[in-house]
There are 2 protein chains.
Amino acid sequence: MDVLVSLCKRRGFVFQSSEIYGGTGSCWDYGPLGVELKNNIKRLWWRDFVQRRPDVVGIDASILMHPNVWRASGHVENFTDPMVDCRECKHRFRADHVDAMPWVHYCAATKGNKFTVKPGEPCGHCGERRSLCPQCGKGTLTAPRQFNLMFKTFMGPVEEDAAVTYLRPETAQAMFVNFDNVLQSMRLKLPFGIAQQGRSFRNEITPGNFIFRTREFEQMELEYFVNPRDTVDGRPADEHWHDRWIEDCLAWYKRYGLRAENLQLREHEKDELAHYAKRTVDIEYRFPIGWSELMGIANRTDYDLKQHAKVSGKSLTYFDEERKDHVVPFVVEPAAGVDRSLLAFLSDAYQEEEVRGEKRVVLRLHPELAPVKVAILPLLKKRDEIVRACHAIRDELARSWSVAYDDTAAIGRLYRRQDEVGTPYCVTVDVQTVGDAGEQGDDRVTIRDRDSMEQVRVPRAELVPVFRELLEGGAWKDVAARFTPAAAKDSA
Amino acid sequence: MDVLVSLCKRRGFVFQSSEIYGGTGSCWDYGPLGVELKNNIKRLWWRDFVQRRPDVVGIDASILMHPNVWRASGHVENFTDPMVDCRECKHRFRADHVDAMPWVHYCAATKGNKFTVKPGEPCGHCGERRSLCPQCGKGTLTAPRQFNLMFKTFMGPVEEDAAVTYLRPETAQAMFVNFDNVLQSMRLKLPFGIAQQGRSFRNEITPGNFIFRTREFEQMELEYFVNPRDTVDGRPADEHWHDRWIEDCLAWYKRYGLRAENLQLREHEKDELAHYAKRTVDIEYRFPIGWSELMGIANRTDYDLKQHAKVSGKSLTYFDEERKDHVVPFVVEPAAGVDRSLLAFLSDAYQEEEVRGEKRVVLRLHPELAPVKVAILPLLKKRDEIVRACHAIRDELARSWSVAYDDTAAIGRLYRRQDEVGTPYCVTVDVQTVGDAGEQGDDRVTIRDRDSMEQVRVPRAELVPVFRELLEGGAWKDVAARFTPAAAKDSA
């Protein structure tokens, strides 16, 4: 993980938020490459799950909603963590995390020496088990108290109870609250989905692990409404669609590069299911911190629509034309974190390998995810014609793709820099391209493939169609076979 | 404006936030068509100002930043509005708005009859000028008090002063705070820009006018850093770039459809300039509520970087290679509102016209902005082959574009529905396409142009290249000239 965090900062993927002020400890900012990667993840998810599907529409709701939304949803009452405080050092912990933490111990059997003892184990010298604060080893802990994880604020000019509102802790509720407006304005028929991407906020007591758990994060959620009276292949429609969404989501992550061996499904046990859920399955990813939730797919039944109907007094039903009757749809919810997805894609793509005795760091990001698609590099930055040609190519390719130009090092080093940020292709302009000493250039440039490090020379005029092919799913070997291999295989 | 608001709700562009709970009064949710329009605006801005330019990079920072950011920027102290309260009805007003409001008056000269008097004018009966609350006409107003417009919240588990933080009131500060991280990681040379899109929050006392002034809104901001020691064409670099950005922004709005006669520049007077600004120019648009700010382009000088350097104790300078010296860049800031831009595009595109004696409502949105690019419509929904062909076309086009299928009315009405939401092209499948009574179909479909209502018949296999041409800048008349006109000009 440390290697990733360091790469992310050094190369402009992720910075600590407000770093010059010491950071906030729980929020992160995406830098120039990070924002492109994040936008690519969001755009592909939207393209695959909204645009290309006939049965899903999107919305984009405000973060500040009416406080009754969170009363109806149960968040005001139940979205809490139990916490305990150390009476000595004032450190605050989640009560359910304390037993799983290593603990600081001043051991009487060794003249009060300070040890850090493994979670759940007794001291090897005196046999004592943890009884004091795991952080300072001195204070006793208070009894657990419930702490609401929603960020509270005041809407309107007066700070009073009547004006209290919350930053949304999830995007999902906006789909339930807007259910009827979306249904009516779009003339939808069950089953259909409403999707949303956007920021959510949870005042976690113990955020951490880089962008894995933060207080501000971005979600991609979809509420898929089905008619609970329908059956598909002899099974209740909600159960059928639940399985379909698990498959579709898993396939999506694999399609953009996560390896199968780093993905697994985890069925929630009966006793960990949310009270509204009939069944929940997590897609877990093998993060650098171990197997953890990447996304969850829950069958939330008709709980949410019924709750909002009850609290608002508005009808939130669907008219079943066939049965001539109103019905409250069930909902299957695939809910993914953008930041976690980004961490998973980065982590899966990161590889170190040895090339001619030197370490090469390469991010094998899927081309559609890569923040920079093509880097244009001059072989000699002192030759004006070469630099001019590079700029012209840059401008032409930038009309369609995110590209970069770099001339601040020798070519080998420039290639390595692009490998490290996952740029799938580089274009190099050299003397042969532009000509030399009265000899005319061949107007061909070198394309270099990140993964194989192979190089071919391609007529400049064909760059746009070639990259259209390569960046829209074409294989390097098919393209490479059509052109002349360049003299040297990656001169770096 | 009412016509637009009603269209927006009915057709799924914009809904009142939390409408089933009576709304929040100051936030709005984008529906299925609204989110596509909004995303298109953001994507085009990002493409034109970040991706295609060699001198601009993006970031995506957290909304919750360190509170010292807002101390350094001056927002904690100065981001306030003066407000007054009515002692009777408790209504709260911006002190500087009261004189410009119509006022309720119980006129003694007419036995206490209630009138609403025009702003700034005396009562026509008794000659009295406004002295009481303009809302209820009864209470006296308090003296003005300063009210900070930032939303306050608490980060971490304890609600105490030390944990106070704010929802960002602008995205700009993140560019200053991340200046050094971006500069170093991307090896940038002046002049360069850092751009960001995202939500901001201002606890406005009097939000209103639909999505024109809301408490939660989305910004597209760019900070363009220049070397104040440089000159361009004999002028200080910051002044040169200020003019360039004004031109570029104005051209951008025109390019995507705003009419020149609805746009004007307004130079800020000396006494309305923010204290940090050397010069500010607003681009104003003729909204349904009158000429108002669409975006502002400010020369913020070196104020922000210097303030953050002072408060954080970190150096925020640029090393000037030529002069071998550190310099604090000046910054030119083009700052636009996404919601206001959307309102302007909608408002400019909205037209009512008469077609064969009936009113046609049409949104003449630029094709790149239109939420739905192509609608696929069956002429007869009872013919299975026609519906199947429609679905196949839908799936094929949906791989590249946002498309719609609708079969819930007769063709004339279906066309009108698409006109009303700005869909530039419709594809119709009829009996001639699929064949009838043993006769083979011609496998041609009708494309209908929103603006001219002309129709041509096109071989189905050519739909994708034809739409690629039309949706990437091609003209309808050029495409139409290559195909056979359909029998009837818009049968609606």
# chains A, B, ... in the order shown; residues from 1 in each chain; ligands from 1
call {"tool": "interface_residues", "arguments": {"of": "chain A", "to": "chain B", "cutoff": "7 Å", "atoms": "only C-alpha atoms", "output": "MDAnalysis selection string"}}
result
chainID A and resid 10:12 17:18 20:21 23:24 27:32 35 51:52 57:62 65:66 68 151:157 177 182 185:186 203 205 216 312 314 395 398:399 402
call {"tool": "write_last_selection", "arguments": {"atoms": "N, CA and C atoms", "output": "tab-separated table (two decimals), in the first residue's frame"}}
result
chain	number	residue	atom	x	y	z
A	10	ARG	N	3.36	11.26	-5.96
A	10	ARG	CA	4.45	11.71	-6.81
A	10	ARG	C	4.00	11.99	-8.23
A	11	ARG	N	3.06	11.18	-8.74
A	11	ARG	CA	2.68	11.30	-10.13
A	11	ARG	C	1.32	11.99	-10.34
A	12	GLY	N	0.78	12.59	-9.28
A	12	GLY	CA	-0.42	13.40	-9.48
A	12	GLY	C	-1.72	12.61	-9.56
A	17	SER	N	-5.85	15.80	1.24
A	17	SER	CA	-6.62	17.04	1.15
A	17	SER	C	-6.03	18.07	2.11
A	18	SER	N	-5.96	19.33	1.65
A	18	SER	CA	-5.45	20.44	2.48
A	18	SER	C	-4.09	20.10	3.08
A	20	ILE	N	-1.15	21.30	2.83
A	20	ILE	CA	-0.32	22.39	3.37
A	20	ILE	C	-0.77	22.81	4.76
A	21	TYR	N	-1.99	22.44	5.14
A	21	TYR	CA	-2.46	22.73	6.51
A	21	TYR	C	-2.41	21.49	7.39
A	23	GLY	N	-3.41	18.50	6.46
A	23	GLY	CA	-4.41	17.51	6.03
A	23	GLY	C	-5.60	17.46	6.95
A	24	THR	N	-6.64	16.77	6.50
A	24	THR	CA	-7.83	16.61	7.33
A	24	THR	C	-7.84	15.23	7.96
A	27	CYS	N	-9.83	12.93	4.24
A	27	CYS	CA	-10.28	13.26	2.89
A	27	CYS	C	-9.06	13.33	1.98
A	28	TRP	N	-9.29	13.05	0.71
A	28	TRP	CA	-8.21	13.05	-0.27
A	28	TRP	C	-8.65	13.84	-1.49
A	29	ASP	N	-7.66	14.42	-2.18
A	29	ASP	CA	-7.94	15.15	-3.42
A	29	ASP	C	-7.35	14.38	-4.59
A	30	TYR	N	-8.07	14.35	-5.70
A	30	TYR	CA	-7.54	13.71	-6.89
A	30	TYR	C	-6.79	14.74	-7.73
A	31	GLY	N	-5.54	14.40	-8.08
A	31	GLY	CA	-4.70	15.28	-8.88
A	31	GLY	C	-5.00	15.11	-10.36
A	32	PRO	N	-4.18	15.73	-11.23
A	32	PRO	CA	-4.45	15.73	-12.68
A	32	PRO	C	-4.62	14.34	-13.29
A	35	VAL	N	-7.93	12.55	-11.43
A	35	VAL	CA	-9.27	12.98	-11.85
A	35	VAL	C	-9.63	12.33	-13.19
A	51	GLN	N	-26.43	4.28	-20.16
A	51	GLN	CA	-26.61	4.60	-21.57
A	51	GLN	C	-26.94	3.38	-22.43
A	52	ARG	N	-26.21	2.29	-22.25
A	52	ARG	CA	-26.39	1.15	-23.14
A	52	ARG	C	-27.58	0.28	-22.77
A	57	VAL	N	-32.33	4.55	-16.21
A	57	VAL	CA	-32.15	5.99	-16.40
A	57	VAL	C	-31.35	6.53	-15.22
A	58	GLY	N	-30.80	7.71	-15.38
A	58	GLY	CA	-29.99	8.30	-14.31
A	58	GLY	C	-30.67	9.48	-13.66
A	59	ILE	N	-30.16	9.88	-12.51
A	59	ILE	CA	-30.54	11.17	-11.90
A	59	ILE	C	-29.28	11.78	-11.27
A	60	ASP	N	-29.39	13.02	-10.85
A	60	ASP	CA	-28.29	13.68	-10.15
A	60	ASP	C	-28.93	14.60	-9.11
A	61	ALA	N	-29.02	14.10	-7.89
A	61	ALA	CA	-29.77	14.81	-6.85
A	61	ALA	C	-28.84	15.64	-5.98
A	62	SER	N	-29.44	16.52	-5.22
A	62	SER	CA	-28.64	17.37	-4.33
A	62	SER	C	-28.16	16.56	-3.13
A	65	MET	N	-30.62	17.13	1.48
A	65	MET	CA	-32.01	16.78	1.24
A	65	MET	C	-32.83	17.18	2.47
A	66	HIS	N	-34.13	17.05	2.34
A	66	HIS	CA	-35.01	17.36	3.47
A	66	HIS	C	-34.71	16.39	4.62
A	68	ASN	N	-36.43	15.00	6.74
A	68	ASN	CA	-37.36	13.88	6.90
A	68	ASN	C	-36.96	12.65	6.08
A	151	PHE	N	-23.09	13.72	8.95
A	151	PHE	CA	-22.64	15.09	9.16
A	151	PHE	C	-23.88	15.98	9.25
A	152	LYS	N	-23.92	16.81	10.28
A	152	LYS	CA	-25.06	17.68	10.52
A	152	LYS	C	-24.73	19.09	10.08
A	153	THR	N	-25.69	19.79	9.51
A	153	THR	CA	-25.47	21.21	9.25
A	153	THR	C	-26.80	21.94	9.37
A	154	PHE	N	-26.79	23.25	9.16
A	154	PHE	CA	-28.01	24.04	9.29
A	154	PHE	C	-28.32	24.72	7.97
A	155	MET	N	-29.53	24.52	7.48
A	155	MET	CA	-29.95	25.14	6.22
A	155	MET	C	-30.73	26.40	6.54
A	156	GLY	N	-30.44	27.48	5.85
A	156	GLY	CA	-31.11	28.75	6.14
A	156	GLY	C	-30.29	29.53	7.14
A	157	PRO	N	-30.69	30.75	7.38
A	157	PRO	CA	-29.82	31.65	8.13
A	157	PRO	C	-29.79	31.42	9.64
A	177	VAL	N	-36.95	8.78	-3.15
A	177	VAL	CA	-37.71	10.01	-2.98
A	177	VAL	C	-38.18	10.54	-4.35
A	182	VAL	N	-39.69	10.30	-11.50
A	182	VAL	CA	-38.97	9.63	-12.59
A	182	VAL	C	-39.93	8.70	-13.35
A	185	SER	N	-42.43	10.98	-15.43
A	185	SER	CA	-41.88	11.79	-16.53
A	185	SER	C	-41.29	10.92	-17.62
A	186	MET	N	-40.83	9.71	-17.28
A	186	MET	CA	-40.19	8.86	-18.28
A	186	MET	C	-41.08	7.71	-18.75
A	203	ASN	N	-19.34	10.36	8.88
A	203	ASN	CA	-18.39	10.86	9.87
A	203	ASN	C	-17.74	9.70	10.62
A	205	ILE	N	-15.61	7.18	12.68
A	205	ILE	CA	-14.76	7.41	13.85
A	205	ILE	C	-13.31	7.07	13.50
A	216	GLU	N	-15.46	11.55	3.27
A	216	GLU	CA	-16.15	12.02	2.06
A	216	GLU	C	-15.77	11.05	0.96
A	312	SER	N	-44.11	10.45	4.31
A	312	SER	CA	-44.47	11.63	3.51
A	312	SER	C	-45.98	11.72	3.27
A	314	LYS	N	-47.35	10.39	0.80
A	314	LYS	CA	-47.54	10.33	-0.66
A	314	LYS	C	-47.52	8.87	-1.12
A	395	ASP	N	-1.85	18.18	-30.70
A	395	ASP	CA	-3.10	18.92	-30.92
A	395	ASP	C	-4.13	18.08	-31.67
A	398	ALA	N	-5.38	15.28	-29.31
A	398	ALA	CA	-6.10	15.83	-28.15
A	398	ALA	C	-7.55	16.17	-28.49
A	399	ARG	N	-7.87	16.25	-29.77
A	399	ARG	CA	-9.27	16.49	-30.12
A	399	ARG	C	-10.15	15.33	-29.68
A	402	SER	N	-7.35	12.15	-24.19
A	402	SER	CA	-6.46	12.79	-23.24
A	402	SER	C	-5.02	12.36	-23.55
call {"tool": "select_by_dssp", "arguments": {"residues": "region 29-118 of chain A", "states": "strand (DSSP E)", "output": "short mmCIF file (atom, residue, chain, number, x, y, z; two decimals) with all heavy atoms, in the first residue's frame"}}
result
data_model
loop_
_atom_site.label_atom_id
_atom_site.label_comp_id
_atom_site.auth_asym_id
_atom_site.auth_seq_id
_atom_site.Cartn_x
_atom_site.Cartn_y
_atom_site.Cartn_z
N ASP A 29 -7.66 14.42 -2.18
CA ASP A 29 -7.94 15.15 -3.42
C ASP A 29 -7.35 14.38 -4.59
O ASP A 29 -6.24 13.86 -4.49
CB ASP A 29 -7.29 16.54 -3.37
CG ASP A 29 -7.97 17.47 -2.37
OD1 ASP A 29 -9.02 17.08 -1.82
OD2 ASP A 29 -7.45 18.57 -2.13
N TYR A 30 -8.07 14.35 -5.70
CA TYR A 30 -7.54 13.71 -6.89
C TYR A 30 -6.79 14.74 -7.73
O TYR A 30 -7.33 15.80 -8.03
CB TYR A 30 -8.67 13.05 -7.69
CG TYR A 30 -9.19 11.84 -6.96
CD1 TYR A 30 -10.23 11.94 -6.04
CD2 TYR A 30 -8.58 10.60 -7.13
CE1 TYR A 30 -10.66 10.83 -5.32
CE2 TYR A 30 -9.00 9.50 -6.42
CZ TYR A 30 -10.05 9.61 -5.51
OH TYR A 30 -10.46 8.53 -4.80
N VAL A 56 -32.57 1.40 -17.80
CA VAL A 56 -32.01 2.19 -16.70
C VAL A 56 -31.91 3.66 -17.10
O VAL A 56 -31.48 3.97 -18.21
CB VAL A 56 -30.61 1.67 -16.28
CG1 VAL A 56 -30.02 2.55 -15.18
CG2 VAL A 56 -30.68 0.22 -15.82
N VAL A 57 -32.33 4.55 -16.21
CA VAL A 57 -32.15 5.99 -16.40
C VAL A 57 -31.35 6.53 -15.22
O VAL A 57 -31.24 5.88 -14.18
CB VAL A 57 -33.51 6.73 -16.50
CG1 VAL A 57 -34.31 6.26 -17.70
CG2 VAL A 57 -34.31 6.58 -15.21
N GLY A 58 -30.80 7.71 -15.38
CA GLY A 58 -29.99 8.30 -14.31
C GLY A 58 -30.67 9.48 -13.66
O GLY A 58 -31.67 10.01 -14.16
N THR A 80 -25.69 4.57 13.36
CA THR A 80 -24.80 4.92 14.45
C THR A 80 -23.74 3.86 14.64
O THR A 80 -23.91 2.71 14.23
CB THR A 80 -25.59 5.02 15.78
OG1 THR A 80 -26.28 3.78 15.97
CG2 THR A 80 -26.60 6.14 15.73
N ASP A 81 -22.66 4.26 15.24
CA ASP A 81 -21.63 3.33 15.69
C ASP A 81 -21.49 3.48 17.20
O ASP A 81 -21.56 4.60 17.71
CB ASP A 81 -20.28 3.67 15.04
CG ASP A 81 -20.09 2.99 13.70
OD1 ASP A 81 -20.85 2.04 13.40
OD2 ASP A 81 -19.18 3.40 12.96
N PRO A 82 -21.26 2.38 17.90
CA PRO A 82 -21.01 2.52 19.35
C PRO A 82 -19.57 2.96 19.56
O PRO A 82 -18.67 2.45 18.91
CB PRO A 82 -21.22 1.09 19.86
CG PRO A 82 -20.86 0.21 18.71
CD PRO A 82 -21.17 0.98 17.44
N MET A 83 -19.37 3.93 20.42
CA MET A 83 -17.99 4.37 20.63
C MET A 83 -17.64 4.45 22.11
O MET A 83 -18.51 4.62 22.96
CB MET A 83 -17.77 5.71 19.96
CG MET A 83 -18.58 6.80 20.58
SD MET A 83 -18.42 8.33 19.65
CE MET A 83 -19.34 9.43 20.73
N VAL A 84 -16.37 4.29 22.38
CA VAL A 84 -15.86 4.39 23.75
C VAL A 84 -14.71 5.38 23.75
O VAL A 84 -14.02 5.54 22.74
CB VAL A 84 -15.36 3.02 24.27
CG1 VAL A 84 -16.51 2.03 24.38
CG2 VAL A 84 -14.26 2.46 23.37
N ASP A 85 -14.53 6.05 24.90
CA ASP A 85 -13.43 7.01 25.03
C ASP A 85 -12.46 6.53 26.10
O ASP A 85 -12.86 5.94 27.10
CB ASP A 85 -13.97 8.37 25.49
CG ASP A 85 -14.91 8.99 24.49
OD1 ASP A 85 -14.42 9.45 23.45
OD2 ASP A 85 -16.14 8.97 24.73
N ARG A 92 -10.66 8.23 20.98
CA ARG A 92 -12.00 7.64 20.80
C ARG A 92 -11.92 6.45 19.86
O ARG A 92 -11.24 6.51 18.83
CB ARG A 92 -12.93 8.72 20.24
CG ARG A 92 -14.34 8.26 20.03
CD ARG A 92 -15.27 9.46 19.91
NE ARG A 92 -15.69 9.90 21.24
CZ ARG A 92 -16.57 10.88 21.45
NH1 ARG A 92 -17.10 11.51 20.44
NH2 ARG A 92 -16.92 11.21 22.66
N PHE A 93 -12.60 5.37 20.19
CA PHE A 93 -12.56 4.15 19.38
C PHE A 93 -13.96 3.65 19.08
O PHE A 93 -14.88 3.87 19.87
CB PHE A 93 -11.86 3.01 20.15
CG PHE A 93 -10.56 3.40 20.74
CD1 PHE A 93 -10.49 3.88 22.04
CD2 PHE A 93 -9.39 3.27 20.02
CE1 PHE A 93 -9.27 4.24 22.60
CE2 PHE A 93 -8.17 3.61 20.57
CZ PHE A 93 -8.11 4.11 21.87
N ARG A 94 -14.09 2.93 18.01
CA ARG A 94 -15.32 2.16 17.83
C ARG A 94 -15.27 1.00 18.79
O ARG A 94 -14.32 0.21 18.80
CB ARG A 94 -15.43 1.65 16.39
CG ARG A 94 -16.17 2.64 15.50
CD ARG A 94 -16.30 2.16 14.12
NE ARG A 94 -17.05 0.91 14.02
CZ ARG A 94 -17.43 0.39 12.85
NH1 ARG A 94 -17.16 1.02 11.73
NH2 ARG A 94 -18.08 -0.75 12.82
N TRP A 103 -2.53 -3.82 21.37
CA TRP A 103 -2.70 -2.94 22.55
C TRP A 103 -1.38 -2.68 23.26
O TRP A 103 -0.51 -3.53 23.37
CB TRP A 103 -3.74 -3.51 23.50
CG TRP A 103 -3.54 -4.93 23.96
CD1 TRP A 103 -3.72 -6.06 23.23
CD2 TRP A 103 -3.11 -5.36 25.26
NE1 TRP A 103 -3.43 -7.18 23.97
CE2 TRP A 103 -3.07 -6.79 25.24
CE3 TRP A 103 -2.78 -4.70 26.45
CZ2 TRP A 103 -2.69 -7.55 26.34
CZ3 TRP A 103 -2.42 -5.45 27.56
CH2 TRP A 103 -2.37 -6.87 27.49
N VAL A 104 -1.29 -1.43 23.74
CA VAL A 104 -0.10 -0.97 24.45
C VAL A 104 -0.20 -1.44 25.91
O VAL A 104 -1.25 -1.32 26.53
CB VAL A 104 0.00 0.56 24.38
CG1 VAL A 104 1.02 1.08 25.39
CG2 VAL A 104 0.36 0.99 22.96
N HIS A 105 0.90 -1.99 26.42
CA HIS A 105 0.87 -2.62 27.74
C HIS A 105 2.15 -2.29 28.50
O HIS A 105 3.26 -2.46 27.96
CB HIS A 105 0.74 -4.14 27.52
CG HIS A 105 0.93 -4.95 28.76
ND1 HIS A 105 0.20 -4.76 29.90
CD2 HIS A 105 1.78 -5.98 29.02
CE1 HIS A 105 0.60 -5.63 30.84
NE2 HIS A 105 1.55 -6.38 30.32
N TYR A 106 2.00 -1.76 29.72
CA TYR A 106 3.17 -1.55 30.60
C TYR A 106 3.22 -2.75 31.54
O TYR A 106 2.37 -2.88 32.42
CB TYR A 106 3.04 -0.24 31.36
CG TYR A 106 3.13 0.96 30.43
CD1 TYR A 106 1.99 1.51 29.85
CD2 TYR A 106 4.38 1.52 30.12
CE1 TYR A 106 2.08 2.58 28.98
CE2 TYR A 106 4.47 2.60 29.25
CZ TYR A 106 3.33 3.13 28.68
OH TYR A 106 3.43 4.19 27.82
N CYS A 107 4.20 -3.64 31.34
CA CYS A 107 4.16 -4.96 31.97
C CYS A 107 4.80 -4.94 33.36
O CYS A 107 6.00 -4.67 33.49
CB CYS A 107 4.86 -5.96 31.06
SG CYS A 107 4.94 -7.61 31.79
N ASN A 113 8.07 -2.25 31.65
CA ASN A 113 8.44 -2.02 30.25
C ASN A 113 7.21 -1.94 29.36
O ASN A 113 6.20 -2.59 29.63
CB ASN A 113 9.34 -3.16 29.74
CG ASN A 113 10.80 -2.90 30.09
OD1 ASN A 113 11.15 -1.80 30.54
ND2 ASN A 113 11.63 -3.91 29.92
N LYS A 114 7.36 -1.15 28.31
CA LYS A 114 6.23 -0.96 27.39
C LYS A 114 6.30 -1.96 26.23
O LYS A 114 7.33 -2.08 25.57
CB LYS A 114 6.28 0.47 26.83
CG LYS A 114 5.15 0.83 25.90
CD LYS A 114 5.29 2.28 25.41
CE LYS A 114 4.28 2.59 24.32
NZ LYS A 114 4.46 3.97 23.82
N PHE A 115 5.22 -2.69 26.03
CA PHE A 115 5.13 -3.62 24.90
C PHE A 115 3.90 -3.30 24.06
O PHE A 115 2.95 -2.73 24.56
CB PHE A 115 4.99 -5.07 25.39
CG PHE A 115 6.16 -5.55 26.16
CD1 PHE A 115 6.13 -5.59 27.55
CD2 PHE A 115 7.31 -5.99 25.50
CE1 PHE A 115 7.22 -6.04 28.27
CE2 PHE A 115 8.40 -6.44 26.23
CZ PHE A 115 8.36 -6.46 27.62
N THR A 116 3.93 -3.71 22.78
CA THR A 116 2.70 -3.72 22.01
C THR A 116 2.31 -5.17 21.79
O THR A 116 3.07 -5.94 21.20
CB THR A 116 2.87 -3.00 20.66
OG1 THR A 116 3.26 -1.65 20.91
CG2 THR A 116 1.56 -2.98 19.88
N VAL A 117 1.15 -5.55 22.31
CA VAL A 117 0.73 -6.95 22.29
C VAL A 117 -0.26 -7.17 21.15
O VAL A 117 -1.06 -6.29 20.83
CB VAL A 117 0.09 -7.33 23.65
CG1 VAL A 117 -0.22 -8.83 23.71
CG2 VAL A 117 1.00 -6.92 24.80
#
call {"tool": "atom_distance", "arguments": {"atom1": "CA of Val374 (chain A)", "atom2": "CA of Tyr425 (chain A)"}}
result
5.0 Å
call {"tool": "residues_around", "arguments": {"residues": "Glu121 (chain B)", "least_positions_apart": "6", "cutoff": "12 Å", "atoms": "only C-alpha atoms", "output": "list in words"}}
result
Asp99, Ala100, Met101, Pro102, Trp103, Val104, His105, Gly127, Glu128, Arg129, Arg130 and Ser131 of chain B
call {"tool": "write_last_selection", "arguments": {"atoms": "N, CA, C and O atoms", "output": "tab-separated table (two decimals), in the first residue's frame"}}
result
chain	number	residue	atom	x	y	z
B	99	ASP	N	-34.82	47.51	-0.14
B	99	ASP	CA	-35.29	48.70	-0.87
B	99	ASP	C	-35.74	48.38	-2.29
B	99	ASP	O	-36.50	49.13	-2.89
B	100	ALA	N	-35.26	47.25	-2.82
B	100	ALA	CA	-35.60	46.92	-4.21
B	100	ALA	C	-36.79	45.96	-4.28
B	100	ALA	O	-37.10	45.41	-5.34
B	101	MET	N	-37.47	45.72	-3.13
B	101	MET	CA	-38.60	44.80	-3.13
B	101	MET	C	-39.93	45.56	-3.22
B	101	MET	O	-40.04	46.67	-2.68
B	102	PRO	N	-40.95	44.97	-3.86
B	102	PRO	CA	-42.30	45.53	-3.73
B	102	PRO	C	-42.69	45.40	-2.26
B	102	PRO	O	-42.23	44.49	-1.58
B	103	TRP	N	-43.52	46.31	-1.77
B	103	TRP	CA	-43.83	46.27	-0.34
B	103	TRP	C	-45.32	46.30	-0.06
B	103	TRP	O	-46.10	46.96	-0.73
B	104	VAL	N	-45.67	45.52	0.95
B	104	VAL	CA	-47.07	45.41	1.37
B	104	VAL	C	-47.41	46.60	2.26
B	104	VAL	O	-46.64	46.96	3.15
B	105	HIS	N	-48.55	47.21	2.00
B	105	HIS	CA	-48.88	48.47	2.67
B	105	HIS	C	-50.38	48.49	3.02
B	105	HIS	O	-51.23	48.24	2.18
B	127	GLY	N	-49.18	58.61	0.01
B	127	GLY	CA	-47.85	59.19	-0.18
B	127	GLY	C	-46.78	58.63	0.74
B	127	GLY	O	-45.62	59.01	0.67
B	128	GLU	N	-47.18	57.67	1.62
B	128	GLU	CA	-46.20	57.11	2.55
B	128	GLU	C	-45.13	56.34	1.79
B	128	GLU	O	-45.40	55.75	0.75
B	129	ARG	N	-43.90	56.35	2.32
B	129	ARG	CA	-42.84	55.49	1.81
B	129	ARG	C	-42.66	54.31	2.74
B	129	ARG	O	-43.05	54.36	3.90
B	130	ARG	N	-42.06	53.23	2.23
B	130	ARG	CA	-41.94	52.01	3.03
B	130	ARG	C	-41.20	52.29	4.33
B	130	ARG	O	-40.12	52.87	4.33
B	131	SER	N	-41.83	51.90	5.46
B	131	SER	CA	-41.15	52.04	6.73
B	131	SER	C	-41.21	50.74	7.51
B	131	SER	O	-40.49	50.54	8.48
call {"tool": "residues_around", "arguments": {"residues": "region 476-485 of chain B", "least_positions_apart": "2", "cutoff": "10 Å", "atoms": "only C-alpha atoms", "output": "JSON, numbers by chain"}}
result
{"B": [425, 446, 447, 448, 449, 450, 451, 452, 454, 455, 456, 457, 458, 459, 466, 467, 469, 470, 471, 473, 474, 487, 488, 489]}
call {"tool": "select_by_dssp", "arguments": {"residues": "region 321-399 of chain B", "states": "alpha helix (DSSP H)", "output": "PyMOL selection string"}}
result
chain B and resi 338-349+384-398
call {"tool": "atom_distance", "arguments": {"atom1": "CA of Arg340 (chain A)", "atom2": "CA of Leu258 (chain A)"}}
result
12.6 Å
call {"tool": "residues_around", "arguments": {"residues": "region 349-352 of chain A", "least_positions_apart": "3", "cutoff": "8 Å", "atoms": "only C-alpha atoms", "output": "ChimeraX atom specification"}}
result
/A:257-258,345-346,359-365
call {"tool": "atom_distance", "arguments": {"atom1": "CA of Leu7 (chain B)", "atom2": "CA of Phe319 (chain A)"}}
result
23.8 Å
call {"tool": "closest_residue", "arguments": {"among": "B:His366, B:Arg145, B:Glu420, B:Asp233", "to": "Ala475 (chain B)", "atoms": "only C-alpha atoms"}}
result
B:His366
call {"tool": "closest_residue", "arguments": {"among": "B:Asp230, B:Thr280, B:Lys373, B:Ile41", "to": "Trp252 (chain B)", "atoms": "only C-alpha atoms"}}
result
B:Ile41
call {"tool": "residues_around", "arguments": {"residues": "Lys382 (chain A)", "least_positions_apart": "4", "cutoff": "12 Å", "atoms": "only C-alpha atoms", "output": "list in words"}}
result
Pro378, Ile386, Val387, Arg388, Asp407, Thr408, Ala409, Ala410, Asp430 and Val431 of chain A
